[in-house]
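Chemist: This is run_9.cif, which holds mmCIF, C-alpha atoms:
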data_my_file
loop_
_atom_site.group_PDB
_atom_site.id
_atom_site.type_symbol
_atom_site.label_atom_id
_atom_site.label_comp_id
_atom_site.auth_asym_id
_atom_site.auth_seq_id
_atom_site.Cartn_x
_atom_site.Cartn_y
_atom_site.Cartn_z
ATOM 1 C CA MET A 96 85.427 28.619 -96.397
ATOM 2 C CA ILE A 97 87.920 31.273 -95.293
ATOM 3 C CA THR A 98 91.299 29.918 -94.206
ATOM 4 C CA PHE A 99 94.099 31.860 -92.573
ATOM 5 C CA THR A 100 97.186 31.351 -90.464
ATOM 6 C CA ILE A 101 97.083 32.703 -86.922
ATOM 7 C CA PRO A 102 100.393 34.131 -85.673
ATOM 8 C CA SER A 103 102.165 32.515 -82.743
ATOM 9 C CA PHE A 104 104.322 34.158 -80.103
ATOM 10 C CA THR A 105 107.350 32.784 -81.952
ATOM 11 C CA ASP A 106 106.229 34.745 -85.015
ATOM 12 C CA ILE A 107 105.962 37.909 -82.903
ATOM 13 C CA ARG A 108 109.391 37.291 -81.372
ATOM 14 C CA ASN A 109 110.882 36.840 -84.840
ATOM 15 C CA ALA A 110 109.183 40.043 -85.986
ATOM 16 C CA HIS A 111 110.715 41.867 -83.029
ATOM 17 C CA LEU A 112 114.181 40.684 -84.025
ATOM 18 C CA ARG A 113 113.498 41.815 -87.593
ATOM 19 C CA ILE A 114 112.340 45.337 -86.762
ATOM 20 C CA SER A 115 114.172 46.169 -83.533
ATOM 21 C CA SER A 116 116.733 48.383 -85.259
ATOM 22 C CA GLU A 117 113.994 50.267 -87.125
ATOM 23 C CA ILE A 118 111.580 51.115 -84.289
ATOM 24 C CA HIS A 119 111.692 53.069 -81.055
ATOM 25 C CA ARG A 120 111.487 51.021 -77.886
ATOM 26 C CA THR A 121 108.877 53.335 -76.451
ATOM 27 C CA PRO A 122 108.863 54.281 -72.770
ATOM 28 C CA VAL A 123 106.514 53.040 -70.064
ATOM 29 C CA LEU A 124 105.286 55.954 -67.938
ATOM 30 C CA ARG A 125 103.320 56.259 -64.699
ATOM 31 C CA SER A 126 101.211 58.978 -63.109
ATOM 32 C CA ALA A 127 100.678 59.167 -59.347
ATOM 33 C CA SER A 128 97.687 61.458 -59.774
ATOM 34 C CA ILE A 129 95.968 59.158 -62.277
ATOM 35 C CA ASN A 130 96.607 56.239 -59.921
ATOM 36 C CA ASP A 131 94.934 58.186 -57.118
ATOM 37 C CA LEU A 132 91.945 59.065 -59.298
ATOM 38 C CA SER A 133 91.492 55.563 -60.741
ATOM 39 C CA GLY A 134 92.326 53.430 -57.709
ATOM 40 C CA VAL A 135 94.703 51.229 -59.701
ATOM 41 C CA GLN A 136 98.412 50.971 -60.434
ATOM 42 C CA ALA A 137 98.517 52.112 -64.060
ATOM 43 C CA PHE A 138 101.421 51.731 -66.468
ATOM 44 C CA PHE A 139 101.274 53.406 -69.888
ATOM 45 C CA LYS A 140 103.127 52.033 -72.930
ATOM 46 C CA CYS A 141 103.646 55.204 -74.951
ATOM 47 C CA GLU A 142 103.308 54.317 -78.624
ATOM 48 C CA ASN A 143 102.506 57.999 -79.186
ATOM 49 C CA PHE A 144 106.322 58.298 -79.140
ATOM 50 C CA GLN A 145 106.759 55.672 -81.871
ATOM 51 C CA LYS A 146 107.926 56.664 -85.357
ATOM 52 C CA VAL A 147 105.085 58.389 -87.271
ATOM 53 C CA GLY A 148 103.503 58.922 -83.851
ATOM 54 C CA ALA A 149 101.691 55.588 -83.625
ATOM 55 C CA PHE A 150 102.075 51.837 -83.093
ATOM 56 C CA LYS A 151 101.221 51.342 -86.763
ATOM 57 C CA TYR A 152 104.877 51.652 -87.740
ATOM 58 C CA ARG A 153 105.679 48.346 -86.055
ATOM 59 C CA GLY A 154 103.348 46.354 -88.273
ATOM 60 C CA ALA A 155 104.077 48.309 -91.425
ATOM 61 C CA VAL A 156 107.842 47.968 -91.213
ATOM 62 C CA ASN A 157 107.598 44.264 -90.373
ATOM 63 C CA ALA A 158 105.392 43.703 -93.422
ATOM 64 C CA VAL A 159 107.737 45.673 -95.695
ATOM 65 C CA LEU A 160 110.887 43.961 -94.419
ATOM 66 C CA SER A 161 109.208 40.563 -94.852
ATOM 67 C CA LEU A 162 108.749 41.089 -98.605
ATOM 68 C CA SER A 163 111.022 39.316 -101.039
ATOM 69 C CA ASP A 164 113.219 41.512 -103.227
ATOM 70 C CA ILE A 165 110.975 40.768 -106.213
ATOM 71 C CA GLU A 166 107.862 41.815 -104.287
ATOM 72 C CA ALA A 167 109.538 44.863 -102.817
ATOM 73 C CA ASN A 168 110.738 46.136 -106.183
ATOM 74 C CA ARG A 169 107.099 46.454 -107.293
ATOM 75 C CA GLY A 170 106.324 48.642 -104.300
ATOM 76 C CA VAL A 171 103.562 48.491 -101.707
ATOM 77 C CA ALA A 172 100.047 49.889 -101.644
ATOM 78 C CA THR A 173 97.219 50.393 -99.194
ATOM 79 C CA HIS A 174 94.035 52.334 -98.566
ATOM 80 C CA SER A 175 94.099 54.501 -95.470
ATOM 81 C CA SER A 176 93.234 57.966 -94.237
ATOM 82 C CA GLY A 177 95.553 57.992 -91.278
ATOM 83 C CA ASN A 178 98.370 56.395 -89.350
ATOM 84 C CA HIS A 179 98.777 53.215 -91.417
ATOM 85 C CA ALA A 180 99.325 55.240 -94.590
ATOM 86 C CA ALA A 181 102.085 57.278 -92.943
ATOM 87 C CA ALA A 182 103.622 54.180 -91.369
ATOM 88 C CA LEU A 183 103.689 52.246 -94.644
ATOM 89 C CA ALA A 184 105.080 55.260 -96.503
ATOM 90 C CA LEU A 185 107.972 55.598 -94.061
ATOM 91 C CA ALA A 186 108.659 51.862 -94.019
ATOM 92 C CA ALA A 187 108.768 51.844 -97.820
ATOM 93 C CA LYS A 188 111.051 54.875 -97.859
ATOM 94 C CA LYS A 189 113.441 53.146 -95.463
ATOM 95 C CA ARG A 190 113.639 50.153 -97.815
ATOM 96 C CA GLY A 191 113.958 52.393 -100.864
ATOM 97 C CA ILE A 192 110.761 51.264 -102.582
ATOM 98 C CA LYS A 193 107.583 52.923 -103.839
ATOM 99 C CA CYS A 194 104.439 53.341 -101.765
ATOM 100 C CA TYR A 195 100.981 54.063 -103.170
ATOM 101 C CA VAL A 196 98.022 55.120 -101.042
ATOM 102 C CA ALA A 197 94.332 55.344 -101.873
ATOM 103 C CA MET A 198 93.116 58.083 -99.538
ATOM 104 C CA PRO A 199 89.605 59.459 -98.978
ATOM 105 C CA SER A 200 89.208 63.031 -100.148
ATOM 106 C CA THR A 201 87.961 63.936 -96.673
ATOM 107 C CA ALA A 202 91.195 62.872 -94.953
ATOM 108 C CA PRO A 203 92.696 65.591 -92.735
ATOM 109 C CA LYS A 204 95.154 67.744 -94.646
ATOM 110 C CA THR A 205 97.768 67.233 -91.953
ATOM 111 C CA LYS A 206 97.656 63.467 -92.451
ATOM 112 C CA ALA A 207 97.854 63.735 -96.228
ATOM 113 C CA ALA A 208 100.821 66.077 -95.840
ATOM 114 C CA ALA A 209 102.578 63.564 -93.579
ATOM 115 C CA VAL A 210 102.059 60.726 -96.069
ATOM 116 C CA ARG A 211 103.474 62.883 -98.876
ATOM 117 C CA TYR A 212 106.400 63.899 -96.675
ATOM 118 C CA TYR A 213 107.377 60.257 -96.315
ATOM 119 C CA GLY A 214 107.357 59.906 -100.095
ATOM 120 C CA ALA A 215 104.134 58.080 -100.916
ATOM 121 C CA GLU A 216 102.048 58.696 -104.017
ATOM 122 C CA ILE A 217 98.459 59.527 -103.026
ATOM 123 C CA THR A 218 95.389 58.890 -105.164
ATOM 124 C CA PHE A 219 92.316 60.494 -103.648
ATOM 125 C CA CYS A 220 88.970 58.715 -103.735
ATOM 126 C CA GLU A 221 85.448 59.048 -102.395
ATOM 127 C CA PRO A 222 85.089 58.594 -98.617
ATOM 128 C CA ASN A 223 83.540 55.137 -98.644
ATOM 129 C CA LEU A 224 84.955 51.615 -98.505
ATOM 130 C CA GLN A 225 83.882 50.684 -102.048
ATOM 131 C CA SER A 226 85.675 53.668 -103.556
ATOM 132 C CA ARG A 227 88.766 53.009 -101.458
ATOM 133 C CA GLU A 228 88.920 49.388 -102.580
ATOM 134 C CA ASP A 229 88.205 50.226 -106.226
ATOM 135 C CA THR A 230 90.916 52.888 -106.248
ATOM 136 C CA LEU A 231 93.386 50.558 -104.571
ATOM 137 C CA ASN A 232 92.674 47.804 -107.106
ATOM 138 C CA MET A 233 93.264 50.271 -109.918
ATOM 139 C CA ILE A 234 96.620 51.222 -108.385
ATOM 140 C CA ILE A 235 97.644 47.581 -107.994
ATOM 141 C CA ARG A 236 96.697 46.768 -111.600
ATOM 142 C CA ARG A 237 98.772 49.731 -112.787
ATOM 143 C CA THR A 238 101.834 49.182 -110.594
ATOM 144 C CA GLY A 239 101.860 45.542 -109.506
ATOM 145 C CA ALA A 240 102.382 46.749 -105.929
ATOM 146 C CA THR A 241 101.751 44.441 -102.981
ATOM 147 C CA PHE A 242 98.725 45.304 -100.856
ATOM 148 C CA ILE A 243 99.606 45.727 -97.174
ATOM 149 C CA HIS A 244 96.310 45.692 -95.285
ATOM 150 C CA PRO A 245 96.153 47.913 -92.174
ATOM 151 C CA PHE A 246 95.244 44.976 -89.894
ATOM 152 C CA ASP A 247 94.113 41.899 -91.831
ATOM 153 C CA ASN A 248 97.693 40.845 -92.498
ATOM 154 C CA PHE A 249 99.800 38.204 -90.756
ATOM 155 C CA ASN A 250 103.014 40.242 -90.693
ATOM 156 C CA VAL A 251 101.243 43.430 -89.623
ATOM 157 C CA ILE A 252 99.695 41.640 -86.632
ATOM 158 C CA CYS A 253 103.072 40.168 -85.676
ATOM 159 C CA GLY A 254 104.646 43.619 -85.773
ATOM 160 C CA GLN A 255 101.906 45.134 -83.636
ATOM 161 C CA GLY A 256 102.384 42.407 -81.037
ATOM 162 C CA THR A 257 105.938 43.575 -80.368
ATOM 163 C CA ALA A 258 104.634 46.525 -78.309
ATOM 164 C CA ALA A 259 103.035 44.198 -75.763
ATOM 165 C CA ARG A 260 106.163 42.043 -75.723
ATOM 166 C CA GLU A 261 108.255 45.056 -74.759
ATOM 167 C CA PHE A 262 105.630 46.094 -72.206
ATOM 168 C CA LEU A 263 105.600 42.732 -70.411
ATOM 169 C CA GLU A 264 109.400 42.527 -70.487
ATOM 170 C CA GLU A 265 109.512 45.821 -68.582
ATOM 171 C CA VAL A 266 106.504 45.219 -66.287
ATOM 172 C CA PRO A 267 106.193 41.406 -66.118
ATOM 173 C CA ASP A 268 103.579 41.223 -63.360
ATOM 174 C CA LEU A 269 100.752 43.160 -65.035
ATOM 175 C CA GLU A 270 97.364 41.704 -64.132
ATOM 176 C CA ILE A 271 95.296 43.560 -66.753
ATOM 177 C CA LEU A 272 96.130 44.862 -70.232
ATOM 178 C CA LEU A 273 93.827 47.410 -71.902
ATOM 179 C CA VAL A 274 94.130 47.867 -75.672
ATOM 180 C CA PRO A 275 92.044 49.971 -78.075
ATOM 181 C CA VAL A 276 90.274 48.033 -80.833
ATOM 182 C CA GLY A 277 89.190 49.066 -84.308
ATOM 183 C CA GLY A 278 90.226 46.530 -86.944
ATOM 184 C CA GLY A 279 91.888 44.465 -84.241
ATOM 185 C CA GLY A 280 95.499 44.291 -85.409
ATOM 186 C CA LEU A 281 96.946 45.803 -82.247
ATOM 187 C CA LEU A 282 94.565 43.917 -79.947
ATOM 188 C CA SER A 283 95.270 40.612 -81.701
ATOM 189 C CA GLY A 284 99.037 40.908 -81.599
ATOM 190 C CA SER A 285 98.973 42.267 -78.039
ATOM 191 C CA ALA A 286 96.764 39.436 -76.759
ATOM 192 C CA ILE A 287 98.911 36.714 -78.333
ATOM 193 C CA ALA A 288 102.122 38.198 -76.910
ATOM 194 C CA ALA A 289 100.742 39.019 -73.467
ATOM 195 C CA ARG A 290 99.105 35.642 -72.877
ATOM 196 C CA ALA A 291 102.267 33.815 -74.027
ATOM 197 C CA ILE A 292 104.464 35.770 -71.607
ATOM 198 C CA SER A 293 101.965 35.915 -68.737
ATOM 199 C CA PRO A 294 99.251 33.244 -69.079
ATOM 200 C CA ASP A 295 97.156 34.636 -66.205
ATOM 201 C CA ILE A 296 96.946 38.192 -67.573
ATOM 202 C CA GLN A 297 93.498 39.423 -68.606
ATOM 203 C CA VAL A 298 93.416 41.332 -71.896
ATOM 204 C CA PHE A 299 90.502 43.673 -72.586
ATOM 205 C CA GLY A 300 89.649 45.359 -75.846
ATOM 206 C CA CYS A 301 88.445 48.955 -75.468
ATOM 207 C CA GLU A 302 85.985 50.516 -77.906
ATOM 208 C CA PRO A 303 83.793 53.610 -78.276
ATOM 209 C CA ALA A 304 80.120 52.913 -77.581
ATOM 210 C CA ASN A 305 79.355 54.778 -80.808
ATOM 211 C CA ALA A 306 81.448 52.273 -82.771
ATOM 212 C CA ASP A 307 80.774 49.077 -80.838
ATOM 213 C CA ASP A 308 80.858 46.505 -83.633
ATOM 214 C CA ALA A 309 83.756 44.569 -82.044
ATOM 215 C CA CYS A 310 81.928 44.393 -78.713
ATOM 216 C CA ARG A 311 78.738 43.142 -80.384
ATOM 217 C CA SER A 312 80.718 40.647 -82.436
ATOM 218 C CA PHE A 313 82.574 39.358 -79.386
ATOM 219 C CA HIS A 314 79.461 38.819 -77.303
ATOM 220 C CA SER A 315 77.330 37.330 -80.080
ATOM 221 C CA GLY A 316 79.964 35.135 -81.711
ATOM 222 C CA THR A 317 78.992 36.618 -85.086
ATOM 223 C CA LEU A 318 81.132 39.145 -86.928
ATOM 224 C CA PHE A 319 79.307 42.479 -87.193
ATOM 225 C CA PRO A 320 80.450 45.181 -89.627
ATOM 226 C CA SER A 321 81.011 48.759 -88.554
ATOM 227 C CA VAL A 322 78.107 50.763 -90.010
ATOM 228 C CA ASN A 323 78.211 54.569 -89.937
ATOM 229 C CA PRO A 324 80.187 54.892 -86.700
ATOM 230 C CA ASN A 325 80.207 58.395 -85.235
ATOM 231 C CA THR A 326 83.018 58.783 -82.727
ATOM 232 C CA ILE A 327 85.799 61.172 -81.902
ATOM 233 C CA ALA A 328 88.115 58.142 -81.864
ATOM 234 C CA ASP A 329 88.682 58.220 -85.622
ATOM 235 C CA GLY A 330 91.340 55.507 -85.507
ATOM 236 C CA LEU A 331 88.756 52.950 -84.316
ATOM 237 C CA LEU A 332 86.181 53.174 -87.107
ATOM 238 C CA THR A 333 86.995 49.923 -88.899
ATOM 239 C CA SER A 334 85.558 46.443 -88.341
ATOM 240 C CA LEU A 335 87.327 43.304 -87.218
ATOM 241 C CA SER A 336 88.354 40.902 -89.972
ATOM 242 C CA GLU A 337 87.778 37.159 -89.876
ATOM 243 C CA LEU A 338 91.427 36.751 -88.855
ATOM 244 C CA THR A 339 91.462 39.313 -86.058
ATOM 245 C CA PHE A 340 88.029 38.174 -84.847
ATOM 246 C CA ALA A 341 89.292 34.608 -84.475
ATOM 247 C CA ILE A 342 92.321 35.766 -82.483
ATOM 248 C CA VAL A 343 90.297 38.103 -80.277
ATOM 249 C CA ARG A 344 87.672 35.460 -79.440
ATOM 250 C CA LYS A 345 90.397 33.045 -78.329
ATOM 251 C CA ASN A 346 92.680 35.385 -76.392
ATOM 252 C CA VAL A 347 90.686 38.357 -75.088
ATOM 253 C CA GLN A 348 88.756 38.418 -71.814
ATOM 254 C CA ASP A 349 86.140 40.943 -72.921
ATOM 255 C CA ILE A 350 85.564 44.090 -74.952
ATOM 256 C CA LEU A 351 84.371 47.093 -72.965
ATOM 257 C CA THR A 352 82.840 50.276 -74.369
ATOM 258 C CA VAL A 353 82.751 53.893 -73.220
ATOM 259 C CA PRO A 354 80.726 56.965 -74.267
ATOM 260 C CA GLU A 355 82.152 59.939 -76.128
ATOM 261 C CA SER A 356 82.135 62.148 -73.036
ATOM 262 C CA SER A 357 84.368 59.688 -71.196
ATOM 263 C CA ILE A 358 86.807 59.472 -74.107
ATOM 264 C CA LEU A 359 87.106 63.242 -74.181
ATOM 265 C CA SER A 360 87.610 63.435 -70.406
ATOM 266 C CA ALA A 361 90.263 60.716 -70.505
ATOM 267 C CA MET A 362 92.141 62.425 -73.324
ATOM 268 C CA ARG A 363 92.162 65.676 -71.404
ATOM 269 C CA LEU A 364 93.215 63.865 -68.222
ATOM 270 C CA VAL A 365 96.333 62.434 -69.854
ATOM 271 C CA TRP A 366 97.239 65.749 -71.497
ATOM 272 C CA GLU A 367 96.891 67.605 -68.198
ATOM 273 C CA ARG A 368 98.293 65.088 -65.698
ATOM 274 C CA MET A 369 100.990 63.355 -67.776
ATOM 275 C CA LYS A 370 101.902 66.300 -70.028
ATOM 276 C CA ILE A 371 101.912 64.140 -73.162
ATOM 277 C CA ILE A 372 99.856 64.294 -76.345
ATOM 278 C CA ILE A 373 97.569 61.370 -77.124
ATOM 279 C CA GLU A 374 94.932 61.127 -79.820
ATOM 280 C CA PRO A 375 91.304 60.204 -79.029
ATOM 281 C CA SER A 376 91.762 56.531 -79.913
ATOM 282 C CA SER A 377 94.510 56.290 -77.292
ATOM 283 C CA ALA A 378 92.162 57.762 -74.704
ATOM 284 C CA VAL A 379 89.597 54.971 -75.078
ATOM 285 C CA PRO A 380 91.399 52.431 -72.825
ATOM 286 C CA VAL A 381 92.100 55.212 -70.309
ATOM 287 C CA ALA A 382 88.368 55.946 -70.296
ATOM 288 C CA VAL A 383 87.618 52.231 -69.800
ATOM 289 C CA MET A 384 89.901 52.208 -66.766
ATOM 290 C CA MET A 385 88.276 55.322 -65.301
ATOM 291 C CA GLU A 386 84.736 54.071 -65.957
ATOM 292 C CA ASN A 387 85.380 50.683 -64.323
ATOM 293 C CA ARG A 388 87.031 51.661 -61.049
ATOM 294 C CA GLU A 389 85.233 48.986 -59.027
ATOM 295 C CA LYS A 390 86.023 46.243 -61.536
ATOM 296 C CA PHE A 391 89.737 47.056 -61.616
ATOM 297 C CA ALA A 392 90.272 48.390 -58.070
ATOM 298 C CA GLY A 393 93.802 47.765 -56.810
ATOM 299 C CA LYS A 394 94.905 45.986 -59.995
ATOM 300 C CA LYS A 395 98.263 46.424 -61.690
ATOM 301 C CA MET A 396 97.176 47.585 -65.120
ATOM 302 C CA GLY A 397 98.877 48.170 -68.439
ATOM 303 C CA ILE A 398 97.456 50.541 -71.034
ATOM 304 C CA ILE A 399 98.760 50.833 -74.578
ATOM 305 C CA LEU A 400 98.574 54.465 -75.692
ATOM 306 C CA SER A 401 98.289 53.734 -79.393
ATOM 307 C CA GLY A 402 99.200 57.105 -80.894
ATOM 308 C CA GLY A 403 99.491 60.840 -80.587
ATOM 309 C CA ASN A 404 98.545 62.275 -83.967
ATOM 310 C CA CYS A 405 96.149 65.135 -83.331
ATOM 311 C CA ASP A 406 95.027 68.079 -85.421
ATOM 312 C CA LEU A 407 96.233 70.801 -83.068
ATOM 313 C CA SER A 408 94.137 73.400 -84.857
ATOM 314 C CA ASN A 409 90.957 71.456 -84.107
ATOM 315 C CA LEU A 410 91.267 70.048 -80.611
ATOM 316 C CA PRO A 411 87.992 68.610 -79.264
ATOM 317 C CA PHE A 412 88.344 70.178 -75.827
ATOM 318 C CA ARG A 413 89.750 73.581 -76.725
ATOM 319 C CA GLU A 414 86.452 75.308 -75.919
ATOM 320 C CA ALA A 415 85.847 73.290 -72.741
#
Once you've parsed the file, please lay out its structure as structure tokens.

Modeler:
Amino acid sequence: MITFTIPSFTDIRNAHLRISSEIHRTPVLRSASINDLSGVQAFFKCENFQKVGAFKYRGAVNAVLSLSDIEANRGVATHSSGNHAAALALAAKKRGIKCYVAMPSTAPKTKAAAVRYYGAEITFCEPNLQSREDTLNMIIRRTGATFIHPFDNFNVICGQGTAAREFLEEVPDLEILLVPVGGGGLLSGSAIAARAISPDIQVFGCEPANADDACRSFHSGTLFPSVNPNTIADGLLTSLSELTFAIVRKNVQDILTVPESSILSAMRLVWERMKIIIEPSSAVPVAVMMENREKFAGKKMGIILSGGNCDLSNLPFREA
């Protein structure tokens, strides 16, 4: 039987105190034109302006700062092809410790370069979960480093929840909160924080239809793995864990999905109307809002824009 400890709002509040001097308190922006097009009052929490360009830094730095000196001196390790690797590398650098990353050989060169820039040691592996885990285990045996999972980690979830805490402090009367979901760390932390601050708020997970394992898991009550997902939202390819699934089932109203065309349109909408860069994963909750105008009509809605790390040489809409 799997046992785990579910974070409380007190844990998230304590995490916020721990990391507040290390993170950006990201802005909340509005767009009159997007409000007109969607029929809602939309507020955007811009984690694309967070350090390393994504919310992931909140969880990574909380996990690193929560380590004992003995644990920290051995360094930290993870497997990741994207934002978590960069976030953990920077958090480790700030504490003056080593960071080791098992990274798929197919990872974008720009992301590998960012992880190296922050000082991590990369070991490339085959682009499948088994190879990633085997390579990570080899690194841990060699170094004794502590594994910091991208989402299946108590302290990571607490750190991610601080974004929603800030959001509700600034806009306390939100009726709806839309959050992208892949592994569920951001959605879990956000739902715990939001429902503690505003018990009547409805929290929705937002997922690509081409990677709908969280939606199927939520509606069936059985945890489904993500199998060969094919979506532009590359930050949402992972499956929920037992821990994040338990939190989501208890605290989330529903998980809604959108097709690839809607994700692309939403990404372009934000770039054009708000003049800010968001990555495809950030566009998923925007697409959910736009695709569900009748459901959300007139509501005061919060959307967490999870990150802004795009390959500018390979934009999905540059030929559109």

Chemist: Can you pull out every residue within 10 Å of Ser176 of chain A, counting only C-alpha atoms, but drop anything in the same chain fewer than 5 positions away, and send it as a list in words?

Modeler: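 Here the qualifying residues turn out to be Ala181, Val196, Ala197, Met198, Pro199, Ser200, Thr201, Ala202, Pro203, Lys204, Lys206, Ala207, Val210, Phe219, Pro222, Arg227, Asp329 and Gly330 of chain A.
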
Chemist: Apply the PyMOL selection byres ((chain A and resi 133) around 9) to the displayed file and report the matching residues as number ranges by chain.

Modeler: A: 128-132, 134-137, 384-388, 391-392

Chemist: The PyMOL selection byres ((chain A and resi 125) around 8) on the file shown: which residues, as a PyMOL selection string?

Modeler: chain A and resi 123-124+126-127+137-139

Chemist: Output C-alpha atoms for every residue in the selection just made, as a short mmCIF file (atom, residue, chain, number, x, y, z; two decimals), keeping the file's coordinate frame.

Modeler:
data_model
loop_
_atom_site.label_atom_id
_atom_site.label_comp_id
_atom_site.auth_asym_id
_atom_site.auth_seq_id
_atom_site.Cartn_x
_atom_site.Cartn_y
_atom_site.Cartn_z
CA VAL A 123 106.51 53.04 -70.06
CA LEU A 124 105.29 55.95 -67.94
CA SER A 126 101.21 58.98 -63.11
CA ALA A 127 100.68 59.17 -59.35
CA ALA A 137 98.52 52.11 -64.06
CA PHE A 138 101.42 51.73 -66.47
CA PHE A 139 101.27 53.41 -69.89
#

Chemist: I need the output of the PyMOL selection byres ((chain A and resi 297) around 10) for this file as a short mmCIF file (atom, residue, chain, number, x, y, z; two decimals) with C-alpha atoms, keeping the file's coordinate frame; which residues are they?

Modeler:
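Generated output (result-v4.cif):
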data_model
loop_
_atom_site.label_atom_id
_atom_site.label_comp_id
_atom_site.auth_asym_id
_atom_site.auth_seq_id
_atom_site.Cartn_x
_atom_site.Cartn_y
_atom_site.Cartn_z
CA LEU A 269 100.75 43.16 -65.04
CA GLU A 270 97.36 41.70 -64.13
CA ILE A 271 95.30 43.56 -66.75
CA LEU A 272 96.13 44.86 -70.23
CA LEU A 273 93.83 47.41 -71.90
CA ALA A 286 96.76 39.44 -76.76
CA ALA A 289 100.74 39.02 -73.47
CA ARG A 290 99.10 35.64 -72.88
CA SER A 293 101.96 35.92 -68.74
CA PRO A 294 99.25 33.24 -69.08
CA ASP A 295 97.16 34.64 -66.20
CA ILE A 296 96.95 38.19 -67.57
CA VAL A 298 93.42 41.33 -71.90
CA PHE A 299 90.50 43.67 -72.59
CA ASN A 346 92.68 35.38 -76.39
CA VAL A 347 90.69 38.36 -75.09
CA GLN A 348 88.76 38.42 -71.81
CA ASP A 349 86.14 40.94 -72.92
CA MET A 396 97.18 47.58 -65.12
#

Chemist: Pick out the closest residue to Asn168 of chain A from this set: A:Ile192, A:Ala149, A:Val343, A:Ala186. Count all atoms listed in the file.

Modeler: A:Ile192

Chemist: Out of A:Ala172, A:Leu410, A:Leu335, A:Ile373, which residue has the shortest atom-to-atom distance to Glu228 of chain A when counting only C-alpha atoms?

Modeler: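 Residue with the minimum atom-to-atom distance to Glu228 of chain A: A:Ala172.
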
Chemist: Please provide the set of residues having any atom within 12 Å of Met233 of chain A, restricted to only C-alpha atoms, with same-chain residues fewer than 4 positions apart removed, written as a PDB file with C-alpha atoms, in the frame of the given file.

Modeler:
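The result, stored in part02.pdb:
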ATOM      1  CA  ALA A 172     100.047  49.889-101.644  1.00  0.00           C
ATOM      2  CA  THR A 173      97.219  50.393 -99.194  1.00  0.00           C
ATOM      3  CA  HIS A 174      94.035  52.334 -98.566  1.00  0.00           C
ATOM      4  CA  TYR A 195     100.981  54.063-103.170  1.00  0.00           C
ATOM      5  CA  VAL A 196      98.022  55.120-101.042  1.00  0.00           C
ATOM      6  CA  ALA A 197      94.332  55.344-101.873  1.00  0.00           C
ATOM      7  CA  THR A 218      95.389  58.890-105.164  1.00  0.00           C
ATOM      8  CA  CYS A 220      88.970  58.715-103.735  1.00  0.00           C
ATOM      9  CA  SER A 226      85.675  53.668-103.556  1.00  0.00           C
ATOM     10  CA  ARG A 227      88.766  53.009-101.458  1.00  0.00           C
ATOM     11  CA  GLU A 228      88.920  49.388-102.580  1.00  0.00           C
ATOM     12  CA  ASP A 229      88.205  50.226-106.226  1.00  0.00           C
ATOM     13  CA  ARG A 237      98.772  49.731-112.787  1.00  0.00           C
ATOM     14  CA  THR A 238     101.834  49.182-110.594  1.00  0.00           C
ATOM     15  CA  GLY A 239     101.860  45.542-109.506  1.00  0.00           C
ATOM     16  CA  ALA A 240     102.382  46.749-105.929  1.00  0.00           C
ATOM     17  CA  PHE A 242      98.725  45.304-100.856  1.00  0.00           C
TER      18      PHE A 242
END

Chemist: What does the distance from atom CA of Ala306 of chain A to atom CA of Ala158 of chain A come to in Å, to one decimal?

Modeler: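 A separation of 27.6 Å between them.
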
Chemist: Using Å and a single decimal, report how far atom CA of Ile101 of chain A sits from atom CA of Leu338 of chain A.

Modeler: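 Atom CA of Leu338 of chain A sits 7.2 Å away from atom CA of Ile101 of chain A.
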
Chemist: Calculated over only C-alpha atoms, which of the candidates A:Asp406, A:Asp106, A:Glu302, A:Glu337 has the smallest distance to Pro380 of chain A?

Modeler: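 Of A:Asp406, A:Asp106, A:Glu302, A:Glu337, the one nearest Pro380 of chain A, counting only C-alpha atoms, is A:Glu302.
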
Chemist: Using Å and a single decimal, report how far atom CA of His314 of chain A sits from atom CA of Glu355 of chain A.

Modeler: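 Between atom CA of Glu355 of chain A and atom CA of His314 of chain A the gap is 21.3 Å.
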
Chemist: Using all atoms listed in the file, pick whichever of A:Ile234, A:Leu331, A:Leu162, A:Leu185 has the shortest atom-to-atom distance to Gly214 of chain A.

Modeler: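 The closest residue to Gly214 of chain A is A:Leu185.
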
Chemist: Do a neighbour search on Pro122 of chain A at 9 Å with all atoms listed in the file, toss out local chain neighbours closer than 2 positions, and write the hits as a PyMOL selection string.

Modeler: chain A and resi 119-120+124+139-142+144+262

Chemist: Write a file of the just-selected residues containing C-alpha atoms, as a PDB file, keeping the file's coordinate frame.

Modeler:
ATOM      1  CA  HIS A 119     111.692  53.069 -81.055  1.00  0.00           C
ATOM      2  CA  ARG A 120     111.487  51.021 -77.886  1.00  0.00           C
ATOM      3  CA  LEU A 124     105.286  55.954 -67.938  1.00  0.00           C
ATOM      4  CA  PHE A 139     101.274  53.406 -69.888  1.00  0.00           C
ATOM      5  CA  LYS A 140     103.127  52.033 -72.930  1.00  0.00           C
ATOM      6  CA  CYS A 141     103.646  55.204 -74.951  1.00  0.00           C
ATOM      7  CA  GLU A 142     103.308  54.317 -78.624  1.00  0.00           C
ATOM      8  CA  PHE A 144     106.322  58.298 -79.140  1.00  0.00           C
ATOM      9  CA  PHE A 262     105.630  46.094 -72.206  1.00  0.00           C
TER      10      PHE A 262
END

Chemist: Could you list, as a list in words, every residue within 9 Å of segment 316-326 of chain A, counting all atoms listed in the file and ignoring same-chain residues fewer than 6 positions away?

Modeler: Pro303, Ala304, Asn305, Ala306, Asp307, Asp308, Ala309, Leu332, Thr333, Ser334, Leu335, Ser336, Glu337, Phe340, Arg344, Pro354 and Glu355 of chain A

Chemist: With a distance cut-off of 12 Å and all atoms listed in the file, select the neighbouring residues of Gln255 of chain A, excluding the residue or stretch itself and same-chain residues fewer than 3 positions from it, and output the selection as JSON, numbers by chain.

Modeler: {"A": [102, 104, 106, 107, 108, 110, 111, 114, 118, 142, 145, 149, 150, 151, 152, 153, 154, 155, 156, 157, 158, 179, 245, 246, 247, 248, 249, 250, 251, 252, 258, 259, 260, 261, 274, 279, 280, 281, 282, 283, 284, 285, 286, 287, 288, 289, 399, 401]}
